$ cat protein30.tsv   # TSV, C-alpha atoms (C1' of nucleotides)
chain	number	residue	atom	x	y	z
A	603	MET	CA	10.31	-10.29	-48.40
A	604	HIS	CA	11.31	-10.31	-44.72
A	605	LYS	CA	8.35	-10.86	-42.48
A	606	LEU	CA	8.42	-10.89	-38.73
A	607	LEU	CA	5.68	-12.28	-36.54
A	608	ILE	CA	5.49	-11.02	-32.98
A	609	ILE	CA	3.58	-12.68	-30.19
A	610	CYS	CA	3.56	-10.64	-27.04
A	611	GLY	CA	1.50	-10.07	-23.92
A	612	PRO	CA	1.69	-10.63	-20.19
A	613	THR	CA	2.86	-13.79	-18.52
A	614	ALA	CA	0.63	-16.89	-18.38
A	615	THR	CA	-1.40	-16.20	-21.50
A	616	GLY	CA	-0.01	-19.10	-23.51
A	617	LYS	CA	2.28	-17.24	-25.87
A	618	THR	CA	4.80	-20.00	-26.40
A	619	ALA	CA	2.17	-22.66	-27.08
A	620	LEU	CA	0.50	-20.47	-29.66
A	621	ALA	CA	3.84	-19.55	-31.20
A	622	ALA	CA	4.75	-23.22	-31.52
A	623	ARG	CA	1.51	-24.02	-33.33
A	624	LEU	CA	1.99	-21.14	-35.71
A	625	ALA	CA	5.59	-22.14	-36.28
A	626	LYS	CA	4.46	-25.55	-37.43
A	627	LYS	CA	1.80	-24.14	-39.72
A	628	PHE	CA	3.94	-21.45	-41.26
A	629	ASN	CA	7.40	-22.98	-41.22
A	630	GLY	CA	8.71	-20.79	-38.45
A	631	GLU	CA	11.25	-20.72	-35.67
A	632	LEU	CA	10.84	-19.04	-32.31
A	633	VAL	CA	13.01	-16.36	-30.78
A	634	SER	CA	12.23	-15.78	-27.13
A	635	ALA	CA	12.08	-12.17	-25.96
A	636	ASP	CA	12.09	-12.78	-22.26
A	637	SER	CA	14.54	-11.14	-19.92
A	638	ARG	CA	14.34	-13.95	-17.37
A	639	GLN	CA	14.68	-16.92	-19.64
A	640	VAL	CA	18.07	-15.83	-20.93
A	641	TYR	CA	19.58	-17.24	-17.75
A	642	LYS	CA	20.91	-20.75	-17.61
A	643	PHE	CA	19.74	-23.18	-14.93
A	644	MET	CA	16.66	-21.08	-14.17
A	645	ASP	CA	14.12	-23.14	-16.04
A	646	ILE	CA	11.16	-23.90	-13.84
A	647	GLY	CA	11.06	-20.58	-12.06
A	648	THR	CA	11.13	-18.60	-15.28
A	649	GLY	CA	8.70	-20.92	-17.03
A	650	LYS	CA	10.73	-22.10	-19.99
A	651	ASP	CA	8.70	-24.28	-22.31
A	652	TRP	CA	10.31	-26.47	-24.94
A	653	PRO	CA	7.63	-27.15	-27.53
A	654	GLU	CA	8.16	-30.40	-29.36
A	655	GLY	CA	9.66	-30.32	-32.78
A	656	ILE	CA	10.11	-26.56	-32.81
A	657	LYS	CA	13.32	-24.59	-32.44
A	658	ILE	CA	13.27	-21.91	-29.82
A	659	TRP	CA	16.21	-19.52	-29.51
A	660	GLY	CA	17.04	-17.10	-26.76
A	661	TYR	CA	17.06	-19.35	-23.72
A	662	ASP	CA	20.20	-19.91	-21.65
A	663	LEU	CA	22.35	-17.14	-23.08
A	664	VAL	CA	24.25	-16.32	-19.88
A	665	ASN	CA	24.94	-17.64	-16.42
A	666	PRO	CA	22.64	-16.41	-13.67
A	667	ASP	CA	25.30	-13.96	-12.50
A	668	GLY	CA	26.14	-12.77	-16.02
A	669	GLU	CA	25.70	-9.28	-17.40
A	670	PHE	CA	22.76	-8.95	-19.69
A	671	SER	CA	20.71	-6.11	-21.11
A	672	VAL	CA	18.67	-5.10	-24.13
A	673	SER	CA	21.85	-4.52	-26.03
A	674	GLU	CA	23.02	-8.10	-25.66
A	675	PHE	CA	19.57	-9.29	-26.50
A	676	VAL	CA	19.38	-7.26	-29.67
A	677	LYS	CA	22.77	-8.42	-30.85
A	678	PHE	CA	21.82	-12.03	-30.28
A	679	ALA	CA	18.31	-11.83	-31.71
A	680	GLU	CA	19.24	-9.92	-34.84
A	681	LYS	CA	21.88	-12.45	-35.69
A	682	LYS	CA	19.43	-15.24	-35.08
A	683	ILE	CA	16.69	-13.65	-37.14
A	684	ASN	CA	19.02	-13.08	-40.06
A	685	ASN	CA	20.00	-16.69	-39.84
A	686	ILE	CA	16.39	-17.80	-39.86
A	687	TYR	CA	15.78	-15.74	-42.99
A	688	LYS	CA	18.78	-17.32	-44.61
A	689	ARG	CA	17.19	-20.68	-44.13
A	690	GLY	CA	13.98	-19.45	-45.67
A	691	LYS	CA	11.93	-19.62	-42.52
A	692	LEU	CA	9.64	-17.27	-40.67
A	693	PRO	CA	11.03	-15.78	-37.44
A	694	ILE	CA	8.50	-15.57	-34.64
A	695	LEU	CA	9.50	-13.26	-31.83
A	696	VAL	CA	7.68	-14.39	-28.72
A	697	GLY	CA	7.85	-12.98	-25.23
A	698	GLY	CA	6.73	-10.63	-22.54
A	699	THR	CA	9.60	-8.18	-22.34
A	700	GLY	CA	8.18	-5.30	-24.32
A	701	PHE	CA	11.38	-3.30	-24.29
A	702	TYR	CA	13.29	-6.13	-25.97
A	703	ILE	CA	10.67	-6.47	-28.68
A	704	LYS	CA	10.58	-2.77	-29.35
A	705	ALA	CA	14.35	-2.70	-29.57
A	706	ILE	CA	14.27	-5.31	-32.32
A	707	VAL	CA	11.58	-3.65	-34.38
A	708	ASP	CA	12.45	0.01	-33.95
A	709	ASP	CA	15.72	1.83	-34.18
A	710	LEU	CA	16.76	2.56	-30.64
A	711	ASP	CA	20.03	4.36	-31.15
A	712	ARG	CA	21.20	4.78	-27.59
A	713	ILE	CA	21.03	1.22	-26.38
A	714	HIS	CA	24.37	0.27	-27.85
A	715	ILE	CA	26.33	2.92	-26.02
A	716	PRO	CA	28.33	0.78	-23.61
A	717	ARG	CA	28.54	0.94	-19.86
A	718	ASN	CA	31.08	3.23	-18.28
A	719	LEU	CA	32.12	1.37	-15.18
A	720	LYS	CA	34.35	4.14	-13.91
A	721	LEU	CA	31.56	6.67	-14.12
A	722	ARG	CA	29.05	4.29	-12.60
A	723	LYS	CA	31.33	3.75	-9.67
A	724	GLU	CA	31.64	7.49	-9.14
A	725	LEU	CA	27.91	7.97	-9.23
A	726	LEU	CA	27.01	4.90	-7.22
A	727	ASN	CA	26.33	6.52	-3.89
A	728	LYS	CA	24.73	9.68	-5.14
A	729	THR	CA	21.08	10.38	-4.48
A	730	ALA	CA	18.63	11.14	-7.25
A	731	ARG	CA	18.74	14.80	-6.26
A	732	GLU	CA	22.50	14.92	-6.59
A	733	LEU	CA	22.47	13.07	-9.88
A	734	TYR	CA	19.86	15.39	-11.27
A	735	ALA	CA	21.81	18.44	-10.10
A	736	LEU	CA	24.86	17.08	-11.87
A	737	LEU	CA	22.90	16.45	-15.02
A	738	LEU	CA	21.40	19.91	-14.89
A	739	GLU	CA	24.83	21.41	-14.58
A	740	LYS	CA	26.48	19.45	-17.38
A	741	PHE	CA	23.62	18.86	-19.78
A	742	PRO	CA	20.87	21.35	-18.96
A	743	LYS	CA	19.01	20.77	-22.20
A	744	GLU	CA	18.60	17.07	-21.61
A	745	ALA	CA	17.94	17.55	-17.93
A	746	THR	CA	14.96	19.80	-18.35
A	747	LYS	CA	13.41	17.40	-20.81
A	748	LEU	CA	13.03	14.69	-18.17
A	749	ASN	CA	9.70	13.86	-16.61
A	750	ALA	CA	9.15	13.78	-12.84
A	751	SER	CA	9.55	10.06	-12.66
A	752	ASP	CA	12.90	9.95	-14.43
A	753	LYS	CA	14.21	12.89	-12.43
A	754	ALA	CA	13.80	10.82	-9.30
A	755	ASN	CA	15.19	7.61	-10.73
A	756	PRO	CA	18.86	7.13	-9.84
A	757	ARG	CA	19.34	4.28	-12.24
A	758	ARG	CA	18.03	6.12	-15.24
A	759	LEU	CA	19.81	9.33	-14.30
A	760	THR	CA	23.07	7.43	-14.07
A	761	ARG	CA	22.45	5.88	-17.44
A	762	LEU	CA	21.65	9.23	-19.00
A	763	LEU	CA	24.85	10.75	-17.65
A	764	GLU	CA	26.70	7.77	-19.04
A	765	VAL	CA	25.13	8.18	-22.45
A	766	LEU	CA	25.77	11.90	-22.64
A	767	ASN	CA	29.32	11.58	-21.39
A	768	THR	CA	30.49	9.33	-24.15
A	769	ASP	CA	31.91	10.17	-27.54
A	770	ILE	CA	31.70	6.59	-28.65
A	771	LEU	CA	29.15	6.32	-31.38
A	772	PRO	CA	26.87	3.36	-31.16
A	773	HIS	CA	27.93	0.76	-33.65
A	774	LYS	CA	25.42	-0.48	-36.16
A	775	THR	CA	24.62	-4.12	-35.83
A	776	GLY	CA	23.55	-6.17	-38.79
A	777	LYS	CA	20.00	-5.15	-38.27
A	778	PRO	CA	17.57	-7.09	-40.42
A	779	ARG	CA	15.23	-5.06	-42.53
A	780	PHE	CA	11.68	-5.98	-41.89
A	781	ASP	CA	9.29	-5.49	-44.74
A	782	ASP	CA	6.27	-6.55	-42.82
A	783	VAL	CA	5.73	-7.02	-39.12
A	784	LEU	CA	2.59	-8.50	-37.60
A	785	TRP	CA	2.05	-7.89	-33.91
A	786	LEU	CA	-0.21	-10.28	-32.02
A	787	GLY	CA	-1.02	-9.66	-28.37
A	788	LEU	CA	-2.52	-12.18	-26.00
A	789	MET	CA	-4.41	-10.84	-23.01
A	790	ALA	CA	-7.02	-11.83	-20.46
A	791	SER	CA	-9.19	-10.11	-17.88
A	792	LYS	CA	-7.61	-9.33	-14.55
A	793	ASP	CA	-9.37	-12.19	-12.79
A	794	GLU	CA	-8.67	-14.70	-15.50
A	795	LEU	CA	-5.01	-13.75	-15.57
A	796	ALA	CA	-4.70	-14.00	-11.79
A	797	MET	CA	-6.22	-17.46	-11.92
A	798	ARG	CA	-3.86	-18.61	-14.64
A	799	ILE	CA	-0.90	-17.28	-12.73
A	800	GLU	CA	-1.97	-19.06	-9.56
A	801	ASN	CA	-2.29	-22.37	-11.33
A	802	ARG	CA	0.99	-21.90	-13.05
A	803	VAL	CA	2.86	-21.08	-9.86
A	804	GLU	CA	1.38	-24.07	-8.09
A	805	ASN	CA	2.36	-26.34	-10.93
A	806	ARG	CA	5.90	-25.12	-10.93
A	807	ALA	CA	6.11	-25.46	-7.17
A	808	ARG	CA	5.03	-29.08	-7.51
A	809	ASN	CA	7.28	-29.85	-10.42
A	810	GLY	CA	10.82	-29.41	-9.30
A	811	MET	CA	11.14	-25.80	-8.17
A	812	GLN	CA	12.57	-26.88	-4.82
A	813	ALA	CA	15.31	-28.90	-6.47
A	814	GLU	CA	16.07	-26.11	-8.93
A	815	VAL	CA	16.47	-23.54	-6.16
A	816	GLN	CA	18.74	-25.88	-4.22
A	817	SER	CA	20.94	-26.59	-7.17
A	818	LEU	CA	21.26	-22.87	-7.90
A	819	ILE	CA	22.27	-22.25	-4.32
A	820	LYS	CA	24.79	-25.04	-4.57
A	821	LYS	CA	26.23	-23.40	-7.66
A	822	GLY	CA	26.58	-20.16	-5.73
A	823	TYR	CA	24.03	-18.02	-7.57
A	824	THR	CA	22.39	-16.57	-4.49
A	825	ASP	CA	22.50	-12.99	-5.75
A	826	ALA	CA	20.62	-13.90	-8.87
A	827	LEU	CA	18.06	-15.76	-6.80
A	828	ALA	CA	17.57	-12.79	-4.53
A	829	LYS	CA	16.43	-10.55	-7.35
A	830	THR	CA	14.34	-12.88	-9.45
A	831	ILE	CA	10.60	-13.30	-9.15
A	832	GLY	CA	9.74	-16.78	-7.99
A	833	TYR	CA	13.14	-17.45	-6.52
A	834	LYS	CA	13.43	-14.53	-4.16
A	835	ASP	CA	10.42	-15.46	-2.05
A	836	TRP	CA	10.63	-19.21	-2.36
A	837	PRO	CA	8.97	-21.18	-0.80
A	838	ASP	CA	6.28	-18.56	-0.13
A	839	LEU	CA	3.83	-19.27	-2.94
A	840	ASP	CA	1.43	-16.45	-2.07
A	841	LYS	CA	4.23	-13.94	-2.40
A	842	TRP	CA	5.32	-15.52	-5.65
A	843	LYS	CA	1.81	-15.26	-7.06
A	844	THR	CA	1.52	-11.63	-5.98
A	845	GLU	CA	4.85	-10.76	-7.56
A	846	GLU	CA	3.91	-12.52	-10.75
A	847	VAL	CA	0.57	-10.69	-10.94
A	848	LYS	CA	2.32	-7.37	-10.37
A	849	TYR	CA	4.77	-8.24	-13.10
A	850	ALA	CA	1.92	-9.00	-15.47
A	851	LYS	CA	0.49	-5.58	-14.71
A	852	ARG	CA	3.76	-3.85	-15.45
A	853	GLN	CA	3.94	-5.75	-18.71
A	854	MET	CA	0.46	-4.56	-19.64
A	855	THR	CA	1.33	-0.96	-18.79
A	856	TRP	CA	4.07	-1.24	-21.38
A	857	PHE	CA	2.06	-3.06	-24.04
A	858	LYS	CA	-1.05	-0.92	-23.69
A	859	LYS	CA	0.59	2.01	-25.38
A	860	GLU	CA	1.87	-0.02	-28.31
A	861	PRO	CA	-0.66	0.74	-31.05
A	862	ARG	CA	0.60	-1.89	-33.49
A	863	ILE	CA	-0.59	-4.82	-31.41
A	864	ASN	CA	-3.59	-6.84	-32.57
A	865	TRP	CA	-5.12	-7.98	-29.30
A	866	PHE	CA	-6.81	-11.29	-28.62
A	867	ASP	CA	-8.54	-12.31	-25.40
A	868	VAL	CA	-7.52	-15.86	-24.60
A	869	SER	CA	-10.81	-16.44	-22.77
A	870	ASN	CA	-12.63	-16.37	-26.08
A	871	SER	CA	-13.00	-19.91	-27.32
A	872	ASN	CA	-12.27	-19.11	-30.94
A	873	PHE	CA	-9.32	-16.79	-30.51
A	874	GLU	CA	-6.87	-19.27	-32.01
A	875	GLN	CA	-8.91	-19.71	-35.17
A	876	ARG	CA	-9.17	-15.97	-35.58
A	877	ILE	CA	-5.43	-15.62	-35.11
A	878	GLU	CA	-4.68	-18.35	-37.63
A	879	LYS	CA	-6.91	-16.72	-40.15
A	880	LEU	CA	-5.21	-13.39	-39.65
A	881	VAL	CA	-1.71	-14.85	-39.85
A	882	LYS	CA	-2.57	-16.85	-42.94
A	883	LYS	CA	-3.81	-13.80	-44.75
A	884	TRP	CA	-0.72	-11.84	-43.71
A	885	HIS	CA	1.63	-14.69	-44.57
A	886	ASN	CA	0.25	-15.14	-48.10
A	887	LYS	CA	0.22	-11.46	-48.87
B	1101	G	C1'	-12.13	-16.55	38.17
B	1102	C	C1'	-8.20	-12.99	39.39
B	1103	C	C1'	-4.03	-9.85	37.71
B	1104	G	C1'	-1.58	-7.44	33.62
B	1105	A	C1'	-1.34	-5.81	28.22
B	1106	G	C1'	-4.11	-4.46	24.14
B	1107	A	C1'	-8.24	-3.39	20.37
B	1108	U	C1'	-6.41	2.28	14.76
B	1109	G	C1'	-7.98	2.15	7.44
B	1110	G	C1'	-7.73	-4.53	3.17
B	1111	C	C1'	-3.18	-6.08	6.35
B	1112	G	C1'	1.17	-4.78	9.50
B	1113	G	C1'	2.11	-0.73	12.44
B	1114	A	C1'	2.78	4.94	14.23
B	1115	G	C1'	0.18	8.55	16.91
B	1116	U	C1'	-1.20	8.95	23.46
B	1117	G	C1'	-5.81	15.90	24.51
B	1118	G	C1'	-5.84	20.56	19.36
B	1119	A	C1'	-1.07	21.05	13.69
B	1120	C	C1'	-5.39	13.87	12.30
B	1121	A	C1'	-8.89	11.59	7.26
B	1122	A	C1'	-4.87	9.95	10.78
B	1123	U	C1'	3.51	9.19	9.69
B	1124	C	C1'	5.29	4.77	7.40
B	1125	G	C1'	5.50	-0.17	5.12
B	1126	C	C1'	2.70	-3.99	2.39
B	1127	A	C1'	-1.30	-4.83	-0.84
B	1128	C	C1'	-4.28	-2.20	-4.37
B	1129	C	C1'	-5.20	1.54	-8.67
B	1130	A	C1'	-3.00	4.59	-12.49
B	1131	G	C1'	1.45	5.92	-14.89
B	1132	A	C1'	6.92	6.69	-16.62
B	1133	C	C1'	10.91	4.21	-18.72
B	1134	U	C1'	16.09	4.17	-25.90
B	1135	G	C1'	21.96	-0.58	-22.02
B	1136	U	C1'	20.31	-3.49	-14.77
B	1137	A	C1'	13.26	-3.79	-17.89
B	1138	A	C1'	13.10	-10.05	-13.48
B	1139	A	C1'	14.97	-3.79	-12.76
B	1140	U	C1'	14.17	1.24	-11.41
B	1141	C	C1'	11.03	5.27	-10.68
B	1142	U	C1'	6.32	8.74	-10.22
B	1143	G	C1'	1.30	9.81	-8.58
B	1144	G	C1'	-3.15	8.13	-6.05
B	1145	C	C1'	-5.26	5.33	-2.13
B	1146	G	C1'	-12.41	6.72	3.92
B	1147	G	C1'	-17.09	8.69	1.24
B	1148	C	C1'	-19.42	12.63	-1.66
B	1149	C	C1'	-18.97	17.31	-4.86
B	1150	G	C1'	-15.08	19.74	-7.94
B	1151	A	C1'	-10.71	20.44	-13.60
B	1152	A	C1'	-8.33	22.53	-9.45
B	1153	A	C1'	-8.18	25.35	-5.20
B	1154	G	C1'	-11.23	23.78	-1.80
B	1155	G	C1'	-15.75	22.22	0.65
B	1156	C	C1'	-19.08	18.81	3.20
B	1157	C	C1'	-19.92	14.11	5.75
B	1158	U	C1'	-18.35	9.70	8.34
B	1159	G	C1'	-14.20	7.92	11.29
B	1160	C	C1'	-9.47	5.03	15.37
B	1161	U	C1'	-14.09	-2.15	18.99
B	1162	U	C1'	-19.15	-0.60	21.22
B	1163	A	C1'	-22.08	2.58	24.59
B	1164	G	C1'	-21.88	6.58	27.72
B	1165	G	C1'	-19.04	10.66	30.09
B	1166	U	C1'	-15.23	14.79	30.98
B	1167	U	C1'	-13.52	18.97	27.82
B	1168	C	C1'	-14.07	24.92	23.99
B	1169	G	C1'	-11.79	20.44	21.62
B	1170	A	C1'	-10.76	13.15	22.31
B	1171	A	C1'	-7.93	7.95	18.34
B	1172	U	C1'	-5.61	10.11	22.65
B	1173	C	C1'	-8.56	11.20	29.57
B	1174	C	C1'	-12.71	8.58	32.67
B	1175	U	C1'	-16.64	4.57	33.26
B	1176	A	C1'	-18.87	0.19	31.56
B	1177	A	C1'	-19.41	-3.68	27.96
B	1178	U	C1'	-17.37	-7.01	24.21
B	1179	C	C1'	-13.25	-9.44	22.20
B	1180	U	C1'	-7.77	-10.81	21.90
B	1181	C	C1'	-3.11	-11.95	24.10
B	1182	G	C1'	0.24	-13.05	28.37
B	1183	G	C1'	0.66	-14.54	33.82
B	1184	C	C1'	-1.55	-16.76	38.17
B	1185	A	C1'	-5.12	-20.05	39.65

$ encode --input "protein30.tsv" --output "structure tokens"
Amino acid sequence: MHKLLIICGPTATGKTALAARLAKKFNGELVSADSRQVYKFMDIGTGKDWPEGIKIWGYDLVNPDGEFSVSEFVKFAEKKINNIYKRGKLPILVGGTGFYIKAIVDDLDRIHIPRNLKLRKELLNKTARELYALLLEKFPKEATKLNASDKANPRRLTRLLEVLNTDILPHKTGKPRFDDVLWLGLMASKDELAMRIENRVENRARNGMQAEVQSLIKKGYTDALAKTIGYKDWPDLDKWKTEEVKYAKRQMTWFKKEPRINWFDVSNSNFEQRIEKLVKKWHNK
RNA sequence: GCCGAGAUGGCGGAGUGGACAAUCGCACCAGACUGUAAAUCUGGCGGCCGAAAGGCCUGCUUAGGUUCGAAUCCUAAUCUCGGCA
């Protein structure tokens, strides 16, 4: 019986802390599904927590200038989850990157089609219009299926051309079979979330962010800093907060349409008890 | 006190007699997204009615004025910023 527990939701809702408690109660190990925390040396800015006595996998997978994507994540996480099963423990997938979580649970067949650097280079300077025209010419069926947003999105158009151009079939990874998946979602009202984010940012700013940024610069990772929330606007805390709030909103836009999530408002005083009750029932089933 | 410059939507900032409810950027709201998801992209964004097309009202510091017509010209007031005292 392979069960998977998922704890998702926007940033600053206390996912890791909850996951750690549940891991203790139910003999679990954590797998982080967070696209920022995979980078080494970026600890404070990405909010890595290391709960005591609990294993958490998925941090520090690549250098800040390394290539990473859902595909790498899936390969890593599936291996890890299988390993956790082998040891008779419960894997708990915890994080705010909805795409990564979905990729683990559902069969997303295209994500393992590799990059085509030559093609990407050719398409690099083309506008969305040009890319779409090209797509329409070569793959009219796929092209007309696109929505208005994707039609204007150079990055996604490039990727689609890349996917359709290949004859390489995506290889099957050793995907674990999940018999039973429980999705838990942590959320809060807009105001509550904004407040939590503010506090969190201020704490991180006080607790070593300056030194972390400097050491990253010293190591030469300025490109990575320039594109990462928290680092790119440092030391402007207001901007950091705004970016973090916007990020939380984007996360919610993704999660809102996921019907399998059981939502809990972290402002409710008894939400943890209710979660424990639910998990217990599911775990013993 | 005198001389200059200026006051535009939540903010920055265009517009300098009609095409202006007012380019654009930020913020904000909603959304898309099966290999960059920390990314990228789409729509909305004065008020009211409407599904929409569209309609009505208010509006560019304030008060007057000129004009068929003003954010744009004139007068005065208030405030801000530079220079001289």

$ residues_around --input "protein30.tsv" --residues "region 860-871 of chain A" --least-positions-apart "3" --cutoff "6 Å" --atoms "all atoms listed in the file" --output "list in words"
Trp785, Leu786, Gly787, Leu788, Met789, Ala790 and Phe857 of chain A

$ atom_distance --input "protein30.tsv" --atom1 "CA of Tyr702 (chain A)" --atom2 "CA of Asp662 (chain A)"
16.0 Å

$ closest_atom_pairs --input "protein30.tsv" --of "chain A" --to "chain B" --cutoff "10 Å" --atoms "all atoms listed in the file" --output "JSON lines"
{"residue": "A:Asp636", "atom": "CA", "partner": "B:A1138", "partner_atom": "C1'", "distance": 9.2}
{"residue": "A:Ser637", "atom": "CA", "partner": "B:A1138", "partner_atom": "C1'", "distance": 6.7}
{"residue": "A:Arg638", "atom": "CA", "partner": "B:A1138", "partner_atom": "C1'", "distance": 5.6}
{"residue": "A:Gln639", "atom": "CA", "partner": "B:A1138", "partner_atom": "C1'", "distance": 9.4}
{"residue": "A:Thr648", "atom": "CA", "partner": "B:A1138", "partner_atom": "C1'", "distance": 9.0}
{"residue": "A:Glu669", "atom": "CA", "partner": "B:U1136", "partner_atom": "C1'", "distance": 8.3}
{"residue": "A:Phe670", "atom": "CA", "partner": "B:U1136", "partner_atom": "C1'", "distance": 7.7}
{"residue": "A:Ser671", "atom": "CA", "partner": "B:G1135", "partner_atom": "C1'", "distance": 5.7}
{"residue": "A:Val672", "atom": "CA", "partner": "B:G1135", "partner_atom": "C1'", "distance": 6.0}
{"residue": "A:Ser673", "atom": "CA", "partner": "B:G1135", "partner_atom": "C1'", "distance": 5.6}
{"residue": "A:Glu674", "atom": "CA", "partner": "B:G1135", "partner_atom": "C1'", "distance": 8.4}
{"residue": "A:Thr699", "atom": "CA", "partner": "B:A1137", "partner_atom": "C1'", "distance": 7.2}
{"residue": "A:Gly700", "atom": "CA", "partner": "B:A1137", "partner_atom": "C1'", "distance": 8.3}
{"residue": "A:Phe701", "atom": "CA", "partner": "B:A1137", "partner_atom": "C1'", "distance": 6.7}
{"residue": "A:Tyr702", "atom": "CA", "partner": "B:A1137", "partner_atom": "C1'", "distance": 8.4}
{"residue": "A:Lys704", "atom": "CA", "partner": "B:U1134", "partner_atom": "C1'", "distance": 9.5}
{"residue": "A:Ala705", "atom": "CA", "partner": "B:U1134", "partner_atom": "C1'", "distance": 8.0}
{"residue": "A:Asp708", "atom": "CA", "partner": "B:U1134", "partner_atom": "C1'", "distance": 9.8}
{"residue": "A:Asp709", "atom": "CA", "partner": "B:U1134", "partner_atom": "C1'", "distance": 8.6}
{"residue": "A:Leu710", "atom": "CA", "partner": "B:U1134", "partner_atom": "C1'", "distance": 5.1}
{"residue": "A:Asp711", "atom": "CA", "partner": "B:U1134", "partner_atom": "C1'", "distance": 6.6}
{"residue": "A:Arg712", "atom": "CA", "partner": "B:U1134", "partner_atom": "C1'", "distance": 5.4}
{"residue": "A:Ile713", "atom": "CA", "partner": "B:G1135", "partner_atom": "C1'", "distance": 4.8}
{"residue": "A:His714", "atom": "CA", "partner": "B:G1135", "partner_atom": "C1'", "distance": 6.4}
{"residue": "A:Ile715", "atom": "CA", "partner": "B:G1135", "partner_atom": "C1'", "distance": 6.9}
{"residue": "A:Pro716", "atom": "CA", "partner": "B:G1135", "partner_atom": "C1'", "distance": 6.7}
{"residue": "A:Arg717", "atom": "CA", "partner": "B:G1135", "partner_atom": "C1'", "distance": 7.1}
{"residue": "A:Asn749", "atom": "CA", "partner": "B:A1132", "partner_atom": "C1'", "distance": 7.7}
{"residue": "A:Ala750", "atom": "CA", "partner": "B:U1142", "partner_atom": "C1'", "distance": 6.3}
{"residue": "A:Ser751", "atom": "CA", "partner": "B:U1142", "partner_atom": "C1'", "distance": 4.3}
{"residue": "A:Asp752", "atom": "CA", "partner": "B:C1141", "partner_atom": "C1'", "distance": 6.3}
{"residue": "A:Lys753", "atom": "CA", "partner": "B:C1141", "partner_atom": "C1'", "distance": 8.4}
{"residue": "A:Ala754", "atom": "CA", "partner": "B:C1141", "partner_atom": "C1'", "distance": 6.4}
{"residue": "A:Asn755", "atom": "CA", "partner": "B:C1141", "partner_atom": "C1'", "distance": 4.8}
{"residue": "A:Pro756", "atom": "CA", "partner": "B:U1140", "partner_atom": "C1'", "distance": 7.7}
{"residue": "A:Arg757", "atom": "CA", "partner": "B:U1140", "partner_atom": "C1'", "distance": 6.1}
{"residue": "A:Arg758", "atom": "CA", "partner": "B:U1140", "partner_atom": "C1'", "distance": 7.3}
{"residue": "A:Arg761", "atom": "CA", "partner": "B:G1135", "partner_atom": "C1'", "distance": 7.9}
{"residue": "A:Val765", "atom": "CA", "partner": "B:G1135", "partner_atom": "C1'", "distance": 9.3}
{"residue": "A:Ala826", "atom": "CA", "partner": "B:A1138", "partner_atom": "C1'", "distance": 9.6}
{"residue": "A:Lys829", "atom": "CA", "partner": "B:A1138", "partner_atom": "C1'", "distance": 7.0}
{"residue": "A:Thr830", "atom": "CA", "partner": "B:A1138", "partner_atom": "C1'", "distance": 5.1}
{"residue": "A:Ile831", "atom": "CA", "partner": "B:A1138", "partner_atom": "C1'", "distance": 6.0}
{"residue": "A:Gly832", "atom": "CA", "partner": "B:A1138", "partner_atom": "C1'", "distance": 9.3}
{"residue": "A:Thr844", "atom": "CA", "partner": "B:A1127", "partner_atom": "C1'", "distance": 9.0}
{"residue": "A:Glu846", "atom": "CA", "partner": "B:A1138", "partner_atom": "C1'", "distance": 9.9}
{"residue": "A:Tyr849", "atom": "CA", "partner": "B:A1138", "partner_atom": "C1'", "distance": 8.5}
{"residue": "A:Arg852", "atom": "CA", "partner": "B:A1137", "partner_atom": "C1'", "distance": 9.8}
{"residue": "A:Gln853", "atom": "CA", "partner": "B:A1137", "partner_atom": "C1'", "distance": 9.6}
{"residue": "A:Thr855", "atom": "CA", "partner": "B:G1131", "partner_atom": "C1'", "distance": 7.9}
{"residue": "A:Trp856", "atom": "CA", "partner": "B:C1133", "partner_atom": "C1'", "distance": 9.1}

$ atom_distance --input "protein30.tsv" --atom1 "CA of Met603 (chain A)" --atom2 "CA of Phe873 (chain A)"
27.3 Å

$ residues_near_point --input "protein30.tsv" --point "(-6.8, 9.1, 17.4)" --cutoff "10 Å" --atoms "all atoms listed in the file" --output "list in words"
U1108, G1115, U1116, G1117, C1120, A1122, G1159, C1160, A1170, A1171 and U1172 of chain B

$ atom_distance --input "protein30.tsv" --atom1 "CA of Met797 (chain A)" --atom2 "CA of Leu827 (chain A)"
24.9 Å

$ closest_residue --input "protein30.tsv" --among "A:Thr613, A:Thr729, A:Asn665, A:Ser634" --to "Tyr823 (chain A)" --atoms "only C-alpha atoms"
A:Asn665

$ residues_around --input "protein30.tsv" --residues "C1145 (chain B)" --least-positions-apart "6" --cutoff "12 Å" --atoms "only C-alpha atoms (C1' of nucleotides)" --output "list in words"
G1109, G1110, A1121, A1127, C1128, C1129 and A1130 of chain B

$ decode --input "protein30.tsv" --residues "region 608-621 of chain A" --atoms "C-alpha atoms" --output "tab-separated table (two decimals), in the first residue's frame"
chain	number	residue	atom	x	y	z
A	608	ILE	CA	0.91	16.14	0.08
A	609	ILE	CA	1.11	19.43	1.91
A	610	CYS	CA	0.83	22.38	-0.40
A	611	GLY	CA	-0.23	26.01	-0.41
A	612	PRO	CA	1.26	29.46	-0.78
A	613	THR	CA	4.40	30.66	0.91
A	614	ALA	CA	4.42	31.58	4.61
A	615	THR	CA	1.58	29.33	5.71
A	616	GLY	CA	3.73	27.00	7.79
A	617	LYS	CA	3.83	23.97	5.52
A	618	THR	CA	7.20	22.65	6.61
A	619	ALA	CA	6.43	22.93	10.31
A	620	LEU	CA	3.19	21.05	9.87
A	621	ALA	CA	4.86	18.46	7.68
